[in-house]
Amino acid sequence: MSAVVIEKDGEGREYEVPPGETVSLRLPENPTTGYRWEVESFDNNILGPPASDFWPPGEPSVGTGGTRIFTFEARSPGVTLIRLILKRSWESKQQAADRFEITVQVREMKQ
């Protein structure tokens, strides 16, 4: 199984992956400010629920950011929009500081 890795500059694009492959989103985040990336929507018939992890840069120190990583597994053929928002937990979705969207098409790849 391989992985498609998408960073912030990959926003707005469409990605094709075969079933069984993973899609990993890596977005800059600084949780010490209260802002965290959340998965707002995706089709869970096409992608499995995401695993989430946070990686601080090298030597962690107070106030430094890092990278939020969401990893989805492609399950079934179809097309889904993955939508994420960057917000503080007490704020509404409409108050999001940033948004991130990509389209993922899961389909059998020809050899």
# chains A, B, ... in the order shown; residues from 1 in each chain; ligands from 1
>>> residues_around(residues="Val79 of chain A", least_positions_apart="2", cutoff="9 Å", atoms="only C-alpha atoms", output="PyMOL selection string")
chain A and resi 43+46+77+81+103-107
>>> residues_around(residues="Pro56 of chain A", least_positions_apart="4", cutoff="8 Å", atoms="only C-alpha atoms", output="list in words")
Pro60, Thr64, Gly65, Gly66 and Thr67 of chain A
>>> write_last_selection(atoms="N, CA and C atoms", output="short mmCIF file (atom, residue, chain, number, x, y, z; two decimals), in the first residue's frame")
data_model
loop_
_atom_site.label_atom_id
_atom_site.label_comp_id
_atom_site.auth_asym_id
_atom_site.auth_seq_id
_atom_site.Cartn_x
_atom_site.Cartn_y
_atom_site.Cartn_z
N PRO A 60 10.61 20.64 20.25
CA PRO A 60 9.43 21.42 20.62
C PRO A 60 9.75 22.49 21.66
N THR A 64 5.53 27.19 19.61
CA THR A 64 5.86 26.81 18.23
C THR A 64 4.76 25.95 17.64
N GLY A 65 4.60 26.06 16.35
CA GLY A 65 3.62 25.26 15.64
C GLY A 65 4.22 23.96 15.17
N GLY A 66 3.49 23.31 14.32
CA GLY A 66 3.94 22.04 13.77
C GLY A 66 3.06 21.67 12.60
N THR A 67 2.85 20.38 12.43
CA THR A 67 2.07 19.88 11.30
C THR A 67 0.98 18.95 11.79
#
>>> select_by_dssp(residues="segment 1-68 of chain A", states="strand (DSSP E)", output="ChimeraX atom specification")
/A:3-7,14-17,22-29,35-41,51-55,66-68
>>> write_last_selection(atoms="C-alpha atoms", output="short mmCIF file (atom, residue, chain, number, x, y, z; two decimals), in the first residue's frame")
data_model
loop_
_atom_site.label_atom_id
_atom_site.label_comp_id
_atom_site.auth_asym_id
_atom_site.auth_seq_id
_atom_site.Cartn_x
_atom_site.Cartn_y
_atom_site.Cartn_z
CA ALA A 3 0.32 6.92 0.14
CA VAL A 4 -0.54 10.17 -1.58
CA VAL A 5 0.82 13.04 0.53
CA ILE A 6 -0.84 16.44 0.10
CA GLU A 7 0.34 19.66 1.70
CA GLU A 14 -8.24 16.61 -7.65
CA TYR A 15 -6.37 13.43 -6.77
CA GLU A 16 -6.93 9.91 -8.09
CA VAL A 17 -6.14 6.93 -5.89
CA THR A 22 -3.98 6.21 1.77
CA VAL A 23 -4.38 9.94 1.37
CA SER A 24 -2.37 11.95 3.90
CA LEU A 25 -3.07 15.66 4.42
CA ARG A 26 -0.28 17.66 6.11
CA LEU A 27 -1.26 21.14 7.21
CA PRO A 28 0.57 23.74 9.32
CA GLU A 29 -1.00 24.17 12.75
CA TYR A 35 -6.49 27.05 16.32
CA ARG A 36 -6.75 23.44 15.17
CA TRP A 37 -7.67 21.79 11.90
CA GLU A 38 -10.92 19.81 11.92
CA VAL A 39 -12.39 17.55 9.27
CA GLU A 40 -15.66 19.21 8.32
CA SER A 41 -16.87 16.71 5.72
CA ALA A 51 -6.50 9.12 11.73
CA SER A 52 -5.17 12.40 13.13
CA ASP A 53 -1.73 13.18 14.50
CA PHE A 54 0.32 16.28 15.34
CA TRP A 55 4.05 16.55 14.70
CA GLY A 66 3.94 22.04 13.77
CA THR A 67 2.07 19.88 11.30
CA ARG A 68 -1.39 18.34 11.65
#
>>> atom_distance(atom1="atom CA of Pro18 of chain A", atom2="atom CA of Ala74 of chain A")
6.9 Å
>>> closest_residue(among="A:Trp90, A:Arg83, A:Ser76, A:Phe70", to="Gly34 of chain A", atoms="only C-alpha atoms")
A:Trp90
>>> residues_around(residues="Gly12 of chain A", least_positions_apart="6", cutoff="9 Å", atoms="only C-alpha atoms", output="ChimeraX atom specification")
/A:100-103
>>> residues_around(residues="Gly48 of chain A", least_positions_apart="4", cutoff="6 Å", atoms="only C-alpha atoms", output="ChimeraX atom specification")
/A:44,72-73
>>> atom_distance(atom1="atom CA of Gly78 of chain A", atom2="atom CA of Glu108 of chain A")
10.2 Å
>>> atom_distance(atom1="atom CA of Thr33 of chain A", atom2="atom CA of Asp98 of chain A")
13.9 Å
>>> decode(residues="segment 25-70 of chain A", atoms="N, CA and C atoms", output="tab-separated table (two decimals), in the first residue's frame")
chain	number	residue	atom	x	y	z
A	25	LEU	N	-3.05	14.20	4.49
A	25	LEU	CA	-3.07	15.66	4.42
A	25	LEU	C	-2.16	16.20	5.51
A	26	ARG	N	-1.24	17.08	5.15
A	26	ARG	CA	-0.28	17.66	6.11
A	26	ARG	C	-0.41	19.17	6.08
A	27	LEU	N	-0.96	19.71	7.16
A	27	LEU	CA	-1.26	21.14	7.21
A	27	LEU	C	-0.58	21.81	8.39
A	28	PRO	N	-0.06	23.03	8.20
A	28	PRO	CA	0.57	23.74	9.32
A	28	PRO	C	-0.47	24.09	10.38
A	29	GLU	N	-0.08	23.90	11.64
A	29	GLU	CA	-1.00	24.17	12.75
A	29	GLU	C	-0.19	24.62	13.96
A	30	ASN	N	-0.76	25.53	14.73
A	30	ASN	CA	-0.15	25.95	15.99
A	30	ASN	C	-1.21	25.86	17.08
A	31	PRO	N	-1.35	24.67	17.71
A	31	PRO	CA	-2.40	24.48	18.69
A	31	PRO	C	-2.27	25.37	19.93
A	32	THR	N	-1.08	25.93	20.17
A	32	THR	CA	-0.94	26.81	21.34
A	32	THR	C	-1.74	28.09	21.19
A	33	THR	N	-2.15	28.42	19.96
A	33	THR	CA	-2.98	29.60	19.72
A	33	THR	C	-4.47	29.28	19.84
A	34	GLY	N	-4.79	28.00	20.01
A	34	GLY	CA	-6.18	27.57	20.08
A	34	GLY	C	-6.72	27.12	18.74
A	35	TYR	N	-6.02	27.42	17.66
A	35	TYR	CA	-6.49	27.05	16.32
A	35	TYR	C	-6.05	25.63	15.98
A	36	ARG	N	-7.03	24.82	15.57
A	36	ARG	CA	-6.75	23.44	15.17
A	36	ARG	C	-7.56	23.11	13.92
A	37	TRP	N	-6.96	22.28	13.08
A	37	TRP	CA	-7.67	21.79	11.90
A	37	TRP	C	-8.69	20.74	12.32
A	38	GLU	N	-9.88	20.81	11.72
A	38	GLU	CA	-10.92	19.81	11.92
A	38	GLU	C	-11.41	19.34	10.57
A	39	VAL	N	-11.77	18.06	10.49
A	39	VAL	CA	-12.39	17.55	9.27
A	39	VAL	C	-13.86	17.96	9.33
A	40	GLU	N	-14.27	18.75	8.35
A	40	GLU	CA	-15.66	19.21	8.32
A	40	GLU	C	-16.55	18.21	7.58
A	41	SER	N	-16.05	17.67	6.45
A	41	SER	CA	-16.87	16.71	5.72
A	41	SER	C	-16.04	15.89	4.74
A	42	PHE	N	-16.55	14.68	4.48
A	42	PHE	CA	-16.04	13.76	3.46
A	42	PHE	C	-17.06	12.64	3.38
A	43	ASP	N	-17.04	11.87	2.31
A	43	ASP	CA	-17.98	10.75	2.15
A	43	ASP	C	-17.36	9.50	2.76
A	44	ASN	N	-17.93	9.04	3.88
A	44	ASN	CA	-17.36	7.88	4.56
A	44	ASN	C	-17.72	6.55	3.88
A	45	ASN	N	-18.46	6.60	2.78
A	45	ASN	CA	-18.66	5.40	1.96
A	45	ASN	C	-17.47	5.19	1.02
A	46	ILE	N	-16.74	6.27	0.76
A	46	ILE	CA	-15.61	6.23	-0.18
A	46	ILE	C	-14.27	6.17	0.56
A	47	LEU	N	-14.16	6.94	1.65
A	47	LEU	CA	-12.94	6.98	2.46
A	47	LEU	C	-13.24	6.52	3.88
A	48	GLY	N	-12.27	5.84	4.48
A	48	GLY	CA	-12.42	5.45	5.88
A	48	GLY	C	-12.22	6.66	6.78
A	49	PRO	N	-12.63	6.54	8.06
A	49	PRO	CA	-12.46	7.66	8.99
A	49	PRO	C	-10.98	8.02	9.13
A	50	PRO	N	-10.69	9.31	9.23
A	50	PRO	CA	-9.28	9.72	9.26
A	50	PRO	C	-8.61	9.49	10.61
A	51	ALA	N	-7.35	9.10	10.54
A	51	ALA	CA	-6.50	9.12	11.73
A	51	ALA	C	-5.90	10.52	11.78
A	52	SER	N	-5.72	11.05	12.98
A	52	SER	CA	-5.17	12.40	13.13
A	52	SER	C	-3.96	12.35	14.05
A	53	ASP	N	-2.94	13.12	13.68
A	53	ASP	CA	-1.73	13.18	14.50
A	53	ASP	C	-1.14	14.58	14.37
A	54	PHE	N	-0.36	14.98	15.37
A	54	PHE	CA	0.32	16.28	15.34
A	54	PHE	C	1.81	16.05	15.52
A	55	TRP	N	2.60	16.66	14.63
A	55	TRP	CA	4.05	16.55	14.70
A	55	TRP	C	4.65	17.92	14.96
A	56	PRO	N	5.26	18.11	16.14
A	56	PRO	CA	5.95	19.37	16.39
A	56	PRO	C	7.25	19.41	15.59
A	57	PRO	N	7.78	20.61	15.34
A	57	PRO	CA	9.03	20.69	14.60
A	57	PRO	C	10.20	20.30	15.50
A	58	GLY	N	11.10	19.51	14.98
A	58	GLY	CA	12.33	19.16	15.70
A	58	GLY	C	12.25	19.20	17.20
A	59	GLU	N	12.83	20.22	17.78
A	59	GLU	CA	12.85	20.42	19.23
A	59	GLU	C	11.64	21.26	19.63
A	60	PRO	N	10.61	20.64	20.25
A	60	PRO	CA	9.43	21.42	20.62
A	60	PRO	C	9.75	22.49	21.66
A	61	SER	N	9.15	23.65	21.51
A	61	SER	CA	9.28	24.71	22.51
A	61	SER	C	7.96	25.46	22.59
A	62	VAL	N	7.78	26.20	23.65
A	62	VAL	CA	6.54	26.91	23.90
A	62	VAL	C	6.21	27.84	22.74
A	63	GLY	N	4.97	27.76	22.27
A	63	GLY	CA	4.49	28.66	21.24
A	63	GLY	C	4.80	28.28	19.81
A	64	THR	N	5.53	27.19	19.61
A	64	THR	CA	5.86	26.81	18.23
A	64	THR	C	4.76	25.95	17.64
A	65	GLY	N	4.60	26.06	16.35
A	65	GLY	CA	3.62	25.26	15.64
A	65	GLY	C	4.22	23.96	15.17
A	66	GLY	N	3.49	23.31	14.32
A	66	GLY	CA	3.94	22.04	13.77
A	66	GLY	C	3.06	21.67	12.60
A	67	THR	N	2.85	20.38	12.43
A	67	THR	CA	2.07	19.88	11.30
A	67	THR	C	0.98	18.95	11.79
A	68	ARG	N	-0.25	19.24	11.39
A	68	ARG	CA	-1.39	18.34	11.65
A	68	ARG	C	-1.48	17.40	10.46
A	69	ILE	N	-1.59	16.10	10.74
A	69	ILE	CA	-1.65	15.09	9.68
A	69	ILE	C	-2.95	14.32	9.81
A	70	PHE	N	-3.73	14.31	8.75
A	70	PHE	CA	-4.94	13.49	8.66
A	70	PHE	C	-4.68	12.43	7.60
